[in-house]
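Q: This structure is in structure tokens; I'll ask about it shortly.
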Amino acid sequence: MNERTAGGGRVLAILVLVYIFNFVDREIVAILAVPIKAELHLSDTRIGLMIGLAFALFYSGLGIPIAWLADRRSRVRIIAASLALWSLFTGLSGATCSFAQLFVARMGVGVGEAGGVAPSYSLISDYFPPEQRGRALAVFAFGIPIGSALGLYLGGWIAEAVNWRSAFAVTGVGGLVVLPLVPWGIEEPVRGARDDAAGIAAPPLLVTLATLLRTPSFWLLSLGAACSSVVGYGLFAWLPSLFVRSFHMSLAGASTYYGTIILVGGLAGVWLGGWLSDRLGRGRPGAYALVPACAWLLAVPFLYAGLYLPEGLFTFVLFLVPTALSLAWLGPVTAAIQHIVPPSMRSTASASFLFINNLIGFGFGVPFIGKLSDWMTAAHGADSLRYSIAWGLGFYGLAALLLLIGAPRLVRDWYRNPA
């Protein structure tokens, strides 16, 4: 392995930067939902469809064929093309004048982002040995809290100082500025070299899907993560609006308040989950499922209390702790997915996992909470969003149950398909 290929730290830093813009472009629409709703006269149901379903349809649907291609062609080029495409559509979102136009623009963002994450997981697995992957993938997942916080900060500040359209334009241009780093700074590594599986050709798509179909832990991890994402993506999408409506914050105030919660809590939780699973998982693969399951169960009482107490320092902490706990699954679960299939199947397996996670979490979860809010408006008025989020917390219990069931099966699948 040459010197450039061995530079895992540099490659990981570039991939994190790309992932940051991935989530800037996803999360900025959550804070901009407030002025967009007012200007375009949209219901919470339509806002939920625009944030969730518009993105998830193509992001989920195209992820598997793009990942199939990434198992055979240059992952670096696919990531670069994806970054360019989603940045362009983010910028175009600011030029829309109707719900239909904005819906199509967010679909375009989903098309672009479909090729960003699964190939990155696969690249990281070829740059880092198995015993470091939980932490390496947790560092990659830092892009989620950092990008989400930046999206909230930039969206709130720019929208309040100028308008929501300018916020989309600025973030779209930012992604295009970062674009040259991908082909210049990342060399395509040998697949499977870290696992003594170099040179093994990627199997046909149907073979990979058949392998996943008969791997119980894949389904339990995927469905468990998806149930958690109903809550997680729901919080990301709707808490900014909740802080404006029920906590009576300004747009910029809500963006700073929640952006800081995501940044601090998210970084702590993502790192803790990756570190703890790698530490406990030495010889005990089931830990990669048990750590997230426990974290989700612990998050529920904090979130419930935070929803019903007035804004203040104590409430800030009540949201900070469960934000950390809710993101602790990212390193463990994504690392486990890499270990239950051979290296030649990793991109496709990751994309299949993301398909389930995002279609249910983003495509169903965000509109579901918005629809619940509309249903509850007659009874609870401006506080309807508070109650709809509270009802959604039950999905964390279901998520934990699925991973608790999956832990012993993960042990068997881990050793049956050594990676």
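In the structure tokens, chains take letters A, B, ... by order of appearance, with residues numbered from 1 within each chain and ligands from 1 in the order shown.
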Residues at most 8 Å from A:Leu62, counting only C-alpha atoms, excluding those fewer than 4 positions away in the same chain, as a list in words?
A: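 Listed by chain and then number, they are Phe58, Ile66, Val111, Ala114 and Gly115 of chain A.
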Q: What would the file look like if the residues just selected were written as a compact mmCIF listing (two decimals), in the first residue's frame with N, CA and C atoms?
A:
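Final output, saved to again22.txt:
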# COMPACT_ATOMS: atom_id res chain seq x y z
N PHE A 58 -36.00 9.74 -3.95
CA PHE A 58 -34.89 9.48 -4.85
C PHE A 58 -33.61 9.13 -4.11
N ILE A 66 -26.68 3.06 -7.45
CA ILE A 66 -25.43 3.82 -7.44
C ILE A 66 -24.37 3.08 -6.63
N VAL A 111 -31.49 13.08 -5.21
CA VAL A 111 -30.81 12.38 -6.30
C VAL A 111 -29.30 12.50 -6.12
N ALA A 114 -27.81 10.65 -3.02
CA ALA A 114 -27.90 9.18 -3.08
C ALA A 114 -26.55 8.52 -3.31
N GLY A 115 -25.62 9.24 -3.91
CA GLY A 115 -24.31 8.65 -4.20
C GLY A 115 -23.20 9.08 -3.26
Q: Near A:Cys97, within 10 Å and counting only C-alpha atoms, which residues show up once chain neighbours fewer than 5 positions away are dropped, as a list in words?
A: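 Here the qualifying residues turn out to be Ile36, Glu39, Leu40, Leu102 and Arg165 of chain A.
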Q: Would you save the residues from that selection as a PDB file, in the first residue's frame, using C-alpha atoms?
A:
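The new file result-v5.pdb reads:
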ATOM      1  CA  ILE A  36     -41.225  29.102   3.674  1.00  0.00           C
ATOM      2  CA  GLU A  39     -44.576  32.876   2.380  1.00  0.00           C
ATOM      3  CA  LEU A  40     -45.995  29.919   0.462  1.00  0.00           C
ATOM      4  CA  LEU A 102     -39.582  23.368  -4.131  1.00  0.00           C
ATOM      5  CA  ARG A 165     -33.729  32.095  -0.808  1.00  0.00           C
TER       6      ARG A 165
END
Q: What are the closest atom pairs, with distances in Å to one decimal, for all residues of stretch 109-177 of chain A lying within 10 Å of stretch 316-339 of chain A? Consider only C-alpha atoms, order rows by chain and residue number, and present the result as JSON lines.
A:
{"residue": "A:Ala118", "atom": "CA", "partner": "A:Thr334", "partner_atom": "CA", "distance": 9.8}
{"residue": "A:Tyr121", "atom": "CA", "partner": "A:Thr334", "partner_atom": "CA", "distance": 7.8}
{"residue": "A:Ser122", "atom": "CA", "partner": "A:Gln338", "partner_atom": "CA", "distance": 7.7}
{"residue": "A:Ser125", "atom": "CA", "partner": "A:Gln338", "partner_atom": "CA", "distance": 7.4}
{"residue": "A:Pro130", "atom": "CA", "partner": "A:His339", "partner_atom": "CA", "distance": 8.1}
{"residue": "A:Glu131", "atom": "CA", "partner": "A:Ala335", "partner_atom": "CA", "distance": 9.9}
{"residue": "A:Gln132", "atom": "CA", "partner": "A:Ala335", "partner_atom": "CA", "distance": 9.4}
{"residue": "A:Arg133", "atom": "CA", "partner": "A:Ala335", "partner_atom": "CA", "distance": 6.1}
{"residue": "A:Gly134", "atom": "CA", "partner": "A:Gly331", "partner_atom": "CA", "distance": 5.1}
{"residue": "A:Arg135", "atom": "CA", "partner": "A:Gly331", "partner_atom": "CA", "distance": 6.5}
{"residue": "A:Ala136", "atom": "CA", "partner": "A:Gly331", "partner_atom": "CA", "distance": 7.8}
{"residue": "A:Leu137", "atom": "CA", "partner": "A:Gly331", "partner_atom": "CA", "distance": 5.2}
{"residue": "A:Ala138", "atom": "CA", "partner": "A:Gly331", "partner_atom": "CA", "distance": 4.2}
{"residue": "A:Val139", "atom": "CA", "partner": "A:Gly331", "partner_atom": "CA", "distance": 7.9}
{"residue": "A:Phe140", "atom": "CA", "partner": "A:Gly331", "partner_atom": "CA", "distance": 8.4}
{"residue": "A:Ala141", "atom": "CA", "partner": "A:Leu330", "partner_atom": "CA", "distance": 6.6}
{"residue": "A:Phe142", "atom": "CA", "partner": "A:Leu330", "partner_atom": "CA", "distance": 9.4}
{"residue": "A:Ile144", "atom": "CA", "partner": "A:Leu327", "partner_atom": "CA", "distance": 9.0}
{"residue": "A:Pro145", "atom": "CA", "partner": "A:Leu327", "partner_atom": "CA", "distance": 8.8}
Q: Between atom CA of A:Leu235 and atom CA of A:Val366, what is the distance, to one decimal in Å?
A: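 Between atom CA of A:Leu235 and atom CA of A:Val366 the gap works out to 8.4 Å.
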Q: Looking only at alpha helix (DSSP H) from DSSP on the backbone, list the matching residues of stretch 132-261 of chain A as a PyMOL selection string.
A: chain A and resi 133-140+143-161+164-178+181-185+205-213+216-245+251-261
Q: At what distance in Å, to one decimal, does atom CA of A:Ala293 lie from atom CA of A:Arg26?
A: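 One can read the atom CA of A:Arg26 to atom CA of A:Ala293 distance as 25.6 Å.
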Q: If we count only C-alpha atoms and set the cut-off at 10 Å, which residues sit around A:Gly63, ignoring sequence neighbours fewer than 6 positions away in its own chain? Please answer as a ChimeraX atom specification.
A: /A:69,110-119,347-348,350-355
Q: Which residue out of A:Gly172, A:Gly392, A:Gly397, A:Pro310 has the minimum interatomic distance to A:Leu298 when only C-alpha atoms are used?
A: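 Of A:Gly172, A:Gly392, A:Gly397, A:Pro310, the one nearest A:Leu298 is A:Gly397, counting only C-alpha atoms.
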Q: Can you check which parts of stretch 227-257 of chain A lie within 10 Å of stretch 27-35 of chain A? Per residue, the shortest pair of atoms and distance in Å to one decimal, counting only C-alpha atoms, sorted by chain and number, as a tab-separated table.
A:
residue	atom	partner	partner_atom	distance
A:Tyr233	CA	A:Glu27	CA	9.5
A:Gly234	CA	A:Ala30	CA	9.9
A:Leu235	CA	A:Ala30	CA	9.6
A:Phe236	CA	A:Ala30	CA	7.0
A:Ala237	CA	A:Ala30	CA	4.7
A:Trp238	CA	A:Ala30	CA	6.7
A:Leu239	CA	A:Ala30	CA	8.3
A:Pro240	CA	A:Ile31	CA	5.6
A:Ser241	CA	A:Val34	CA	6.2
A:Leu242	CA	A:Val34	CA	9.8
A:Val244	CA	A:Val34	CA	8.1
A:Arg245	CA	A:Val34	CA	9.3
A:Leu251	CA	A:Ile31	CA	7.5
A:Ala252	CA	A:Ile31	CA	9.0
A:Ala254	CA	A:Ile31	CA	8.1
A:Ser255	CA	A:Ile31	CA	6.6
Q: Here is a test: counting only C-alpha atoms, which residue of A:Thr260, A:Ser166, A:Ser120, A:Ser384 is nearest to A:Ile146?
A: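 Checking each of A:Thr260, A:Ser166, A:Ser120, A:Ser384 against A:Ile146, counting only C-alpha atoms, the winner is A:Thr260.
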Q: Show which residues sit within 10 Å of A:Ala80, as an mmCIF file with N, CA and C atoms, in the first residue's frame. Count only C-alpha atoms, and ignore same-chain residues fewer than 3 positions away.
A:
data_model
loop_
_atom_site.group_PDB
_atom_site.id
_atom_site.type_symbol
_atom_site.label_atom_id
_atom_site.label_comp_id
_atom_site.auth_asym_id
_atom_site.auth_seq_id
_atom_site.Cartn_x
_atom_site.Cartn_y
_atom_site.Cartn_z
ATOM 1 N N VAL A 18 -17.165 16.629 3.151
ATOM 2 C CA VAL A 18 -18.238 16.393 2.180
ATOM 3 C C VAL A 18 -19.538 16.063 2.902
ATOM 4 N N ARG A 75 -15.208 4.859 -6.523
ATOM 5 C CA ARG A 75 -16.047 5.473 -5.494
ATOM 6 C C ARG A 75 -15.765 6.957 -5.366
ATOM 7 N N VAL A 76 -14.518 7.343 -5.610
ATOM 8 C CA VAL A 76 -14.124 8.755 -5.487
ATOM 9 C C VAL A 76 -14.866 9.603 -6.512
ATOM 10 N N ARG A 77 -14.922 9.145 -7.748
ATOM 11 C CA ARG A 77 -15.614 9.908 -8.791
ATOM 12 C C ARG A 77 -17.111 9.996 -8.522
ATOM 13 N N LEU A 83 -21.659 15.212 -4.938
ATOM 14 C CA LEU A 83 -21.519 16.510 -4.269
ATOM 15 C C LEU A 83 -21.883 17.652 -5.211
ATOM 16 N N ALA A 84 -21.405 17.571 -6.451
ATOM 17 C CA ALA A 84 -21.719 18.622 -7.422
ATOM 18 C C ALA A 84 -23.219 18.714 -7.673
ATOM 19 N N LEU A 85 -23.877 17.562 -7.820
ATOM 20 C CA LEU A 85 -25.302 17.557 -8.155
ATOM 21 C C LEU A 85 -26.160 18.079 -7.012
ATOM 22 N N GLY A 112 -28.835 13.723 -5.832
ATOM 23 C CA GLY A 112 -27.398 13.941 -5.657
ATOM 24 C C GLY A 112 -26.843 13.211 -4.451
ATOM 25 N N GLY A 115 -25.619 9.239 -3.906
ATOM 26 C CA GLY A 115 -24.306 8.647 -4.201
ATOM 27 C C GLY A 115 -23.203 9.079 -3.260
ATOM 28 N N GLY A 116 -23.539 9.697 -2.136
ATOM 29 C CA GLY A 116 -22.493 10.215 -1.263
ATOM 30 C C GLY A 116 -22.086 9.329 -0.111
ATOM 31 N N LEU A 176 -19.914 23.515 -3.864
ATOM 32 C CA LEU A 176 -19.131 23.525 -5.099
ATOM 33 C C LEU A 176 -17.689 23.973 -4.846
ATOM 34 N N VAL A 178 -15.962 23.195 -2.178
ATOM 35 C CA VAL A 178 -15.294 22.034 -1.572
ATOM 36 C C VAL A 178 -15.013 20.936 -2.606
ATOM 37 N N LEU A 179 -15.767 20.904 -3.670
ATOM 38 C CA LEU A 179 -15.741 19.813 -4.644
ATOM 39 C C LEU A 179 -14.338 19.392 -5.095
ATOM 40 N N PRO A 180 -13.418 20.292 -5.469
ATOM 41 C CA PRO A 180 -12.109 19.846 -5.982
ATOM 42 C C PRO A 180 -11.291 19.012 -5.006
ATOM 43 N N LEU A 181 -11.564 19.124 -3.704
ATOM 44 C CA LEU A 181 -10.792 18.355 -2.722
ATOM 45 C C LEU A 181 -10.974 16.850 -2.897
ATOM 46 N N VAL A 182 -12.116 16.430 -3.394
ATOM 47 C CA VAL A 182 -12.400 14.991 -3.478
ATOM 48 C C VAL A 182 -11.481 14.298 -4.481
ATOM 49 N N PRO A 183 -11.451 14.690 -5.759
ATOM 50 C CA PRO A 183 -10.547 13.983 -6.684
ATOM 51 C C PRO A 183 -9.072 14.268 -6.425
#
Q: For each of A:Pro189, A:Gly91, A:Pro203, A:Gly151, take the minimum atom-to-atom distance to A:Val341, counting only C-alpha atoms, then give the residue where this is smallest.
A: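 Nearest to A:Val341: A:Pro203.
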Q: List the spatial neighbours of A:Gly48 as a PyMOL selection string - criterion: any atom at most 7 Å away, only C-alpha atoms, same-chain residues fewer than 3 positions off excluded.
A: chain A and resi 44-45+51-52+366-367+370
Q: Could you check how far atom CA of A:Thr211 sits from atom CA of A:Phe395, in Å to one decimal?
A: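 Interatomic distance here is 27.7 Å.
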